[in-house]
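Everything below belongs to model.pdb, which stores PDB, C-alpha atoms.
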```pdb
MODEL        1
ATOM      1  CA  MET A   1       4.768 226.505  14.787
ATOM      2  CA  MET A   2       7.370 225.849  17.421
ATOM      3  CA  ALA A   3       6.345 226.223  21.056
ATOM      4  CA  THR A   4       8.900 229.004  21.333
ATOM      5  CA  THR A   5       7.278 230.883  18.449
ATOM      6  CA  HIS A   6       3.941 230.693  20.269
ATOM      7  CA  VAL A   7       5.589 232.074  23.404
ATOM      8  CA  PHE A   8       7.174 234.914  21.427
ATOM      9  CA  VAL A   9       3.775 235.763  19.882
ATOM     10  CA  ALA A  10       2.286 235.981  23.371
ATOM     11  CA  LEU A  11       5.187 238.042  24.719
ATOM     12  CA  ALA A  12       5.066 240.413  21.745
ATOM     13  CA  SER A  13       1.349 240.934  22.352
ATOM     14  CA  VAL A  14       1.953 242.139  25.932
ATOM     15  CA  ALA A  15       5.191 244.039  25.272
ATOM     16  CA  PRO A  16       3.494 247.395  24.524
ATOM     17  CA  VAL A  17       1.500 247.244  27.770
ATOM     18  CA  ALA A  18       4.594 246.145  29.702
ATOM     19  CA  ALA A  19       6.537 249.077  28.273
ATOM     20  CA  ALA A  20       3.758 251.503  29.232
ATOM     21  CA  ILE A  21       3.183 250.068  32.714
ATOM     22  CA  PRO A  22       6.592 248.869  33.986
ATOM     23  CA  GLU A  23       5.240 247.606  37.318
ATOM     24  CA  LEU A  24       3.258 244.977  35.389
ATOM     25  CA  ARG A  25       6.173 243.728  33.269
ATOM     26  CA  VAL A  26       6.829 240.551  35.217
ATOM     27  CA  PRO A  27       3.216 239.380  35.657
ATOM     28  CA  LEU A  28       2.464 240.171  32.013
ATOM     29  CA  ALA A  29       5.544 238.299  30.823
ATOM     30  CA  VAL A  30       4.968 235.285  33.063
ATOM     31  CA  GLY A  31       1.287 235.107  32.086
ATOM     32  CA  ALA A  32       2.131 235.416  28.386
ATOM     33  CA  LEU A  33       4.907 232.839  28.598
ATOM     34  CA  LEU A  34       2.684 230.291  30.326
ATOM     35  CA  GLY A  35      -0.319 231.055  28.104
ATOM     36  CA  GLY A  36       1.806 230.766  24.991
ATOM     37  CA  ILE A  37       2.886 227.251  25.875
ATOM     38  CA  ALA A  38      -0.104 225.872  27.858
ATOM     39  CA  PRO A  39      -2.236 224.661  24.912
ATOM     40  CA  ASP A  40       0.529 222.265  23.861
ATOM     41  CA  PHE A  41       0.140 220.307  27.088
ATOM     42  CA  ASP A  42      -2.546 218.437  25.153
ATOM     43  CA  VAL A  43       0.162 216.724  23.103
ATOM     44  CA  VAL A  44      -0.336 213.673  25.359
ATOM     45  CA  LEU A  45      -4.103 213.780  24.776
ATOM     46  CA  GLU A  46      -5.677 214.777  21.459
ATOM     47  CA  HIS A  47      -3.225 217.389  20.264
ATOM     48  CA  ARG A  48      -4.668 220.669  19.031
ATOM     49  CA  ARG A  49      -8.131 219.706  20.196
ATOM     50  CA  THR A  50      -8.160 219.160  23.946
ATOM     51  CA  LEU A  51      -6.581 222.449  25.112
ATOM     52  CA  HIS A  52      -6.738 224.545  21.938
ATOM     53  CA  PHE A  53      -9.693 226.964  21.708
ATOM     54  CA  PRO A  54      -9.304 229.211  18.653
ATOM     55  CA  VAL A  55     -12.899 230.501  18.829
ATOM     56  CA  CYS A  56     -14.020 230.166  22.464
ATOM     57  CA  GLY A  57     -10.616 231.388  23.613
ATOM     58  CA  LEU A  58     -11.319 234.815  22.151
ATOM     59  CA  VAL A  59     -14.283 235.262  24.489
ATOM     60  CA  VAL A  60     -12.214 234.224  27.507
ATOM     61  CA  ALA A  61      -9.303 236.463  26.451
ATOM     62  CA  ALA A  62     -11.568 239.472  25.857
ATOM     63  CA  PHE A  63     -13.233 238.985  29.236
ATOM     64  CA  ALA A  64      -9.873 238.644  31.021
ATOM     65  CA  VAL A  65      -8.520 241.776  29.320
ATOM     66  CA  GLY A  66     -11.698 243.640  30.270
ATOM     67  CA  VAL A  67     -11.298 242.636  33.909
ATOM     68  CA  ALA A  68      -7.622 243.689  33.840
ATOM     69  CA  VAL A  69      -8.542 247.099  32.403
ATOM     70  CA  VAL A  70     -11.314 247.702  34.964
ATOM     71  CA  ALA A  71      -9.407 246.288  37.943
ATOM     72  CA  PRO A  72      -5.696 246.382  37.123
ATOM     73  CA  SER A  73      -3.477 244.319  39.393
ATOM     74  CA  THR A  74      -0.628 241.895  39.022
ATOM     75  CA  LEU A  75      -3.085 238.996  39.141
ATOM     76  CA  THR A  76      -5.551 240.346  36.565
ATOM     77  CA  ALA A  77      -2.681 241.343  34.262
ATOM     78  CA  ALA A  78      -1.122 237.885  34.487
ATOM     79  CA  VAL A  79      -4.459 236.130  33.906
ATOM     80  CA  ALA A  80      -5.247 238.379  30.924
ATOM     81  CA  ALA A  81      -1.797 237.783  29.434
ATOM     82  CA  PHE A  82      -2.238 234.027  29.933
ATOM     83  CA  ALA A  83      -5.663 234.027  28.259
ATOM     84  CA  VAL A  84      -4.484 236.142  25.339
ATOM     85  CA  GLY A  85      -1.359 234.010  24.900
ATOM     86  CA  ALA A  86      -3.337 230.754  24.945
ATOM     87  CA  TRP A  87      -5.882 232.120  22.464
ATOM     88  CA  LEU A  88      -3.176 233.440  20.122
ATOM     89  CA  HIS A  89      -1.469 230.043  20.278
ATOM     90  CA  ALA A  90      -4.649 228.231  19.245
ATOM     91  CA  VAL A  91      -5.447 230.704  16.472
ATOM     92  CA  SER A  92      -1.938 230.721  15.068
ATOM     93  CA  ASP A  93      -1.868 226.927  14.819
ATOM     94  CA  ALA A  94      -4.229 227.327  11.865
ATOM     95  CA  PHE A  95      -1.560 229.401  10.087
ATOM     96  CA  GLY A  96       0.876 226.506  10.127
ATOM     97  CA  GLY A  97       0.717 222.875   9.090
ATOM     98  CA  GLY A  98      -0.963 219.977  10.808
ATOM     99  CA  PRO A  99       0.220 218.340  14.020
ATOM    100  CA  GLU A 100       1.922 215.367  12.351
ATOM    101  CA  MET A 101       5.629 214.708  12.905
ATOM    102  CA  ASP A 102       6.498 214.650   9.193
ATOM    103  CA  PRO A 103       4.083 216.982   7.384
ATOM    104  CA  TRP A 104       6.224 217.038   4.238
ATOM    105  CA  THR A 105       5.352 213.378   3.483
ATOM    106  CA  ASP A 106       1.669 213.121   4.363
ATOM    107  CA  PRO A 107       0.182 216.495   5.299
ATOM    108  CA  SER A 108      -2.938 216.486   7.427
ATOM    109  CA  ASP A 109      -6.035 218.532   6.696
ATOM    110  CA  ARG A 110      -6.433 219.229  10.435
ATOM    111  CA  ALA A 111      -4.740 222.250  11.992
ATOM    112  CA  VAL A 112      -6.768 223.009  15.114
ATOM    113  CA  TYR A 113     -10.204 222.025  16.343
ATOM    114  CA  ASN A 114     -13.071 224.520  16.373
ATOM    115  CA  HIS A 115     -15.233 223.474  19.331
ATOM    116  CA  VAL A 116     -18.038 225.875  18.370
ATOM    117  CA  ARG A 117     -18.598 224.355  14.938
ATOM    118  CA  GLY A 118     -17.502 220.857  15.928
ATOM    119  CA  ARG A 119     -14.966 220.487  13.136
ATOM    120  CA  TRP A 120     -11.309 220.925  12.360
ATOM    121  CA  ILE A 121      -9.926 224.128  10.857
ATOM    122  CA  ARG A 122      -7.722 223.337   7.883
ATOM    123  CA  PRO A 123      -4.054 224.328   7.989
ATOM    124  CA  ARG A 124      -3.066 227.394   5.971
ATOM    125  CA  ARG A 125       0.603 226.301   5.849
ATOM    126  CA  TRP A 126       1.996 229.839   5.890
ATOM    127  CA  VAL A 127       4.519 228.194   8.191
ATOM    128  CA  ARG A 128       4.918 224.777   6.561
ATOM    129  CA  TYR A 129       5.793 222.880   9.736
ATOM    130  CA  ASP A 130       7.172 223.558  13.199
ATOM    131  CA  GLY A 131      10.860 224.299  12.905
ATOM    132  CA  ALA A 132      10.685 225.301   9.226
ATOM    133  CA  PRO A 133      13.058 228.112   8.219
ATOM    134  CA  GLU A 134      10.153 230.574   8.117
ATOM    135  CA  ASP A 135       9.195 229.490  11.643
ATOM    136  CA  ALA A 136      12.709 230.233  12.888
ATOM    137  CA  ALA A 137      12.669 233.638  11.189
ATOM    138  CA  LEU A 138       9.269 234.403  12.690
ATOM    139  CA  ALA A 139      10.472 233.372  16.152
ATOM    140  CA  VAL A 140      13.488 235.682  15.952
ATOM    141  CA  ALA A 141      11.386 238.592  14.680
ATOM    142  CA  LEU A 142       8.747 238.112  17.383
ATOM    143  CA  ALA A 143      11.368 237.799  20.124
ATOM    144  CA  ALA A 144      12.832 241.219  19.301
ATOM    145  CA  PRO A 145      10.167 243.311  21.092
ATOM    146  CA  SER A 146      10.598 241.198  24.216
ATOM    147  CA  LEU A 147      14.348 241.714  24.196
ATOM    148  CA  VAL A 148      13.750 245.466  24.050
ATOM    149  CA  VAL A 149      11.030 245.650  26.717
ATOM    150  CA  PHE A 150      12.010 242.970  29.208
ATOM    151  CA  ASP A 151      15.312 242.793  31.065
ATOM    152  CA  GLY A 152      17.066 240.575  33.583
ATOM    153  CA  TRP A 153      15.954 236.977  33.801
ATOM    154  CA  LEU A 154      13.066 237.578  31.383
ATOM    155  CA  ALA A 155      15.466 238.733  28.656
ATOM    156  CA  ALA A 156      17.664 235.716  29.428
ATOM    157  CA  VAL A 157      14.658 233.381  28.998
ATOM    158  CA  VAL A 158      13.829 235.024  25.658
ATOM    159  CA  ALA A 159      17.456 234.780  24.482
ATOM    160  CA  ALA A 160      17.557 231.115  25.497
ATOM    161  CA  GLY A 161      14.290 230.562  23.612
ATOM    162  CA  VAL A 162      15.766 232.129  20.473
ATOM    163  CA  THR A 163      18.789 229.852  20.750
ATOM    164  CA  ILE A 164      16.587 226.788  21.231
ATOM    165  CA  SER A 165      14.424 227.846  18.265
ATOM    166  CA  LEU A 166      17.382 228.169  15.940
ATOM    167  CA  LEU A 167      18.950 224.888  17.044
ATOM    168  CA  TYR A 168      15.632 223.073  16.688
ATOM    169  CA  ALA A 169      15.119 224.519  13.205
ATOM    170  CA  LEU A 170      18.563 223.230  12.203
ATOM    171  CA  VAL A 171      17.711 219.625  13.139
ATOM    172  CA  ARG A 172      13.926 219.545  12.702
ATOM    173  CA  ARG A 173      13.752 217.543   9.477
ATOM    174  CA  ARG A 174      16.287 215.028  10.800
ATOM    175  CA  LEU A 175      14.256 214.356  13.957
ATOM    176  CA  VAL A 176      11.856 212.061  12.108
ATOM    177  CA  THR A 177      14.745 209.919  10.907
ATOM    178  CA  TRP A 178      16.433 209.912  14.306
ATOM    179  CA  THR A 179      13.271 208.894  16.170
ATOM    180  CA  ALA A 180      12.630 206.119  13.617
ATOM    181  CA  GLU A 181      16.176 204.841  14.157
ATOM    182  CA  CYS A 182      15.677 204.894  17.949
ATOM    183  CA  ASP A 183      12.466 202.889  17.544
ATOM    184  CA  ARG A 184      14.320 200.236  15.527
ATOM    185  CA  LEU A 185      17.014 199.908  18.220
ATOM    186  CA  GLU A 186      14.490 198.983  20.898
TER     187      GLU A 186
ENDMDL
END
```

Now that the file is in, can you turn its structure into structure tokens?
Amino acid sequence: MMATTHVFVALASVAPVAAAIPELRVPLAVGALLGGIAPDFDVVLEHRRTLHFPVCGLVVAAFAVGVAVVAPSTLTAAVAAFAVGAWLHAVSDAFGGGPEMDPWTDPSDRAVYNHVRGRWIRPRRWVRYDGAPEDAALAVALAAPSLVVFDGWLAAVVAAGVTISLLYALVRRRLVTWTAECDRLE
């Protein structure tokens, strides 16, 4: 899935709480936004293994949510939203394809690494690849709750993310060709 889709999943997960507790909207949104994207910082390392924790992340997320419920504050809300967003990102990577640039030519059998069992979780391919039409549709659908709950600069960030998602989906399959052409020019 696209990074923006992961962010929209995280934002949608905190939207009900943000609607119920308006004073926590910003920390929840910022935590979710950062948590939704943070696991992909491992793209320069071993992607979908180094910072993706689909099993262990649940324990961390549950603990962080528990702390936020017992001791609600802007900090605990933001940390809980971050942990939930990062966990949802890692889990949802198993619903898509593998991490390869061109999964339609040589699909991988590795979606995300399960550190507890010491093996890769296979991709389900419900979203065939990042930027697939179904990924763009999912991103738009998941962004909707955020556009209803959040306003101001947060709504502007979500709207920009939707625009980026749709533009990326339009050119996604061509990116492989374009990057190959750039490599030949060097």

For this session: Report as JSON, numbers by chain the full result of the PyMOL selection byres ((chain A and resi 159-169) around 9) when it is applied to this structure.
Result: {"A": [2, 3, 4, 5, 7, 8, 130, 131, 132, 133, 135, 136, 137, 139, 140, 143, 147, 154, 155, 156, 157, 158, 170, 171, 172, 173]}

For this session: Using the chain letters and numbering of this document, enumerate as a ChimeraX atom specification the residues selected by the PyMOL selection byres ((chain A and resi 110) around 6).
Result: /A:98,108-109,111,120,122

For this session: Identify, on the basis of all atoms listed in the file, every residue whose closest approach to Thr50 of chain A does not exceed 9 Å; exclude the query and any residue fewer than 4 positions from it along the same chain; express the result as a PyMOL selection string.
Result: chain A and resi 39+41-43+45-46+113

Exercise. What is the distance, in Å and to one decimal place, between atom CA of Phe82 of chain A and atom CA of Leu34 of chain A?
Worked result: 6.2 Å

Exercise. In Å to one decimal, how far is atom CA of Val127 of chain A from atom CA of Phe95 of chain A?
Worked result: 6.5 Å

Exercise. Given the choices A:His6, A:Arg25, A:Arg48, A:Arg128, which gets closest to Val112 of chain A if the distance is worked out from all atoms listed in the file?
Worked result: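 Among A:His6, A:Arg25, A:Arg48, A:Arg128, it is A:Arg48 that comes nearest to Val112 of chain A.
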
Exercise. For Gly31 of chain A, which residue among A:Val176, A:Leu75, A:Ala94, A:Val59 is the nearest when counting all atoms listed in the file?
Worked result: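 Going through A:Val176, A:Leu75, A:Ala94, A:Val59 one by one, the smallest distance to Gly31 of chain A is for A:Leu75.
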
For this session: May I ask which of the residues A:Glu134, A:Glu23, A:Asp93, A:Asp102 is the closest one to His52 of chain A, counting all atoms listed in the file?
Result: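 So, comparing all the options, the nearest one is A:Asp93.
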
Exercise. Which is closer to Val26 of chain A than all the others in A:Ala38, A:Ala64, A:Leu11, A:Val44, using all atoms listed in the file?
Worked result: A:Leu11

For this session: Name the residues captured by the PyMOL selection byres ((chain A and resi 65) around 12) when it is applied to the shown file; answer as a list in words.
Result: Val14, Val17, Leu28, Leu58, Val59, Val60, Ala61, Ala62, Phe63, Ala64, Gly66, Val67, Ala68, Val69, Val70, Ala71, Pro72, Ser73, Leu75, Thr76, Ala77, Ala78, Val79, Ala80, Ala81, Phe82, Ala83, Val84 and Gly85 of chain A

Problem set entry | Selected residue of minimal separation from Gly35 of chain A among A:Pro103, A:Gly118, A:Gly57, A:Gly96, counting only C-alpha atoms |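 Going through A:Pro103, A:Gly118, A:Gly57, A:Gly96 one by one, the smallest distance to Gly35 of chain A is for A:Gly57.
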
For this session: Might you pull out every residue within 8 Å of Phe53 of chain A, with all atoms listed in the file counted and same-chain residues fewer than 6 positions away left off, and present them as a PyMOL selection string?
Result: chain A and resi 87+90-91+113-115

Exercise. Quick one, how far is atom CA of Gly97 of chain A from atom CA of Gly36 of chain A?
Worked result: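 So the two atoms, atom CA of Gly97 of chain A and atom CA of Gly36 of chain A, lie 17.8 Å apart.
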
For this session: Choose the residue, out of A:Ser146, A:Arg119, A:Pro54, A:Pro27, that has the smallest atom-to-atom separation from Val9 of chain A; count all atoms listed in the file.
Result: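 Among A:Ser146, A:Arg119, A:Pro54, A:Pro27, it is A:Ser146 that comes nearest to Val9 of chain A.
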
Is it possible to get the axis-aligned box enclosing segment 67-86 of chain A (all listed atoms, 6 Å extra per side) as AutoDock Vina command-line options, with centre and edge lengths in Å rounded to one decimal?
```
--center_x -6.0 --center_y 239.2 --center_z 32.1 --size_x 22.7 --size_y 28.9 --size_z 26.5
```
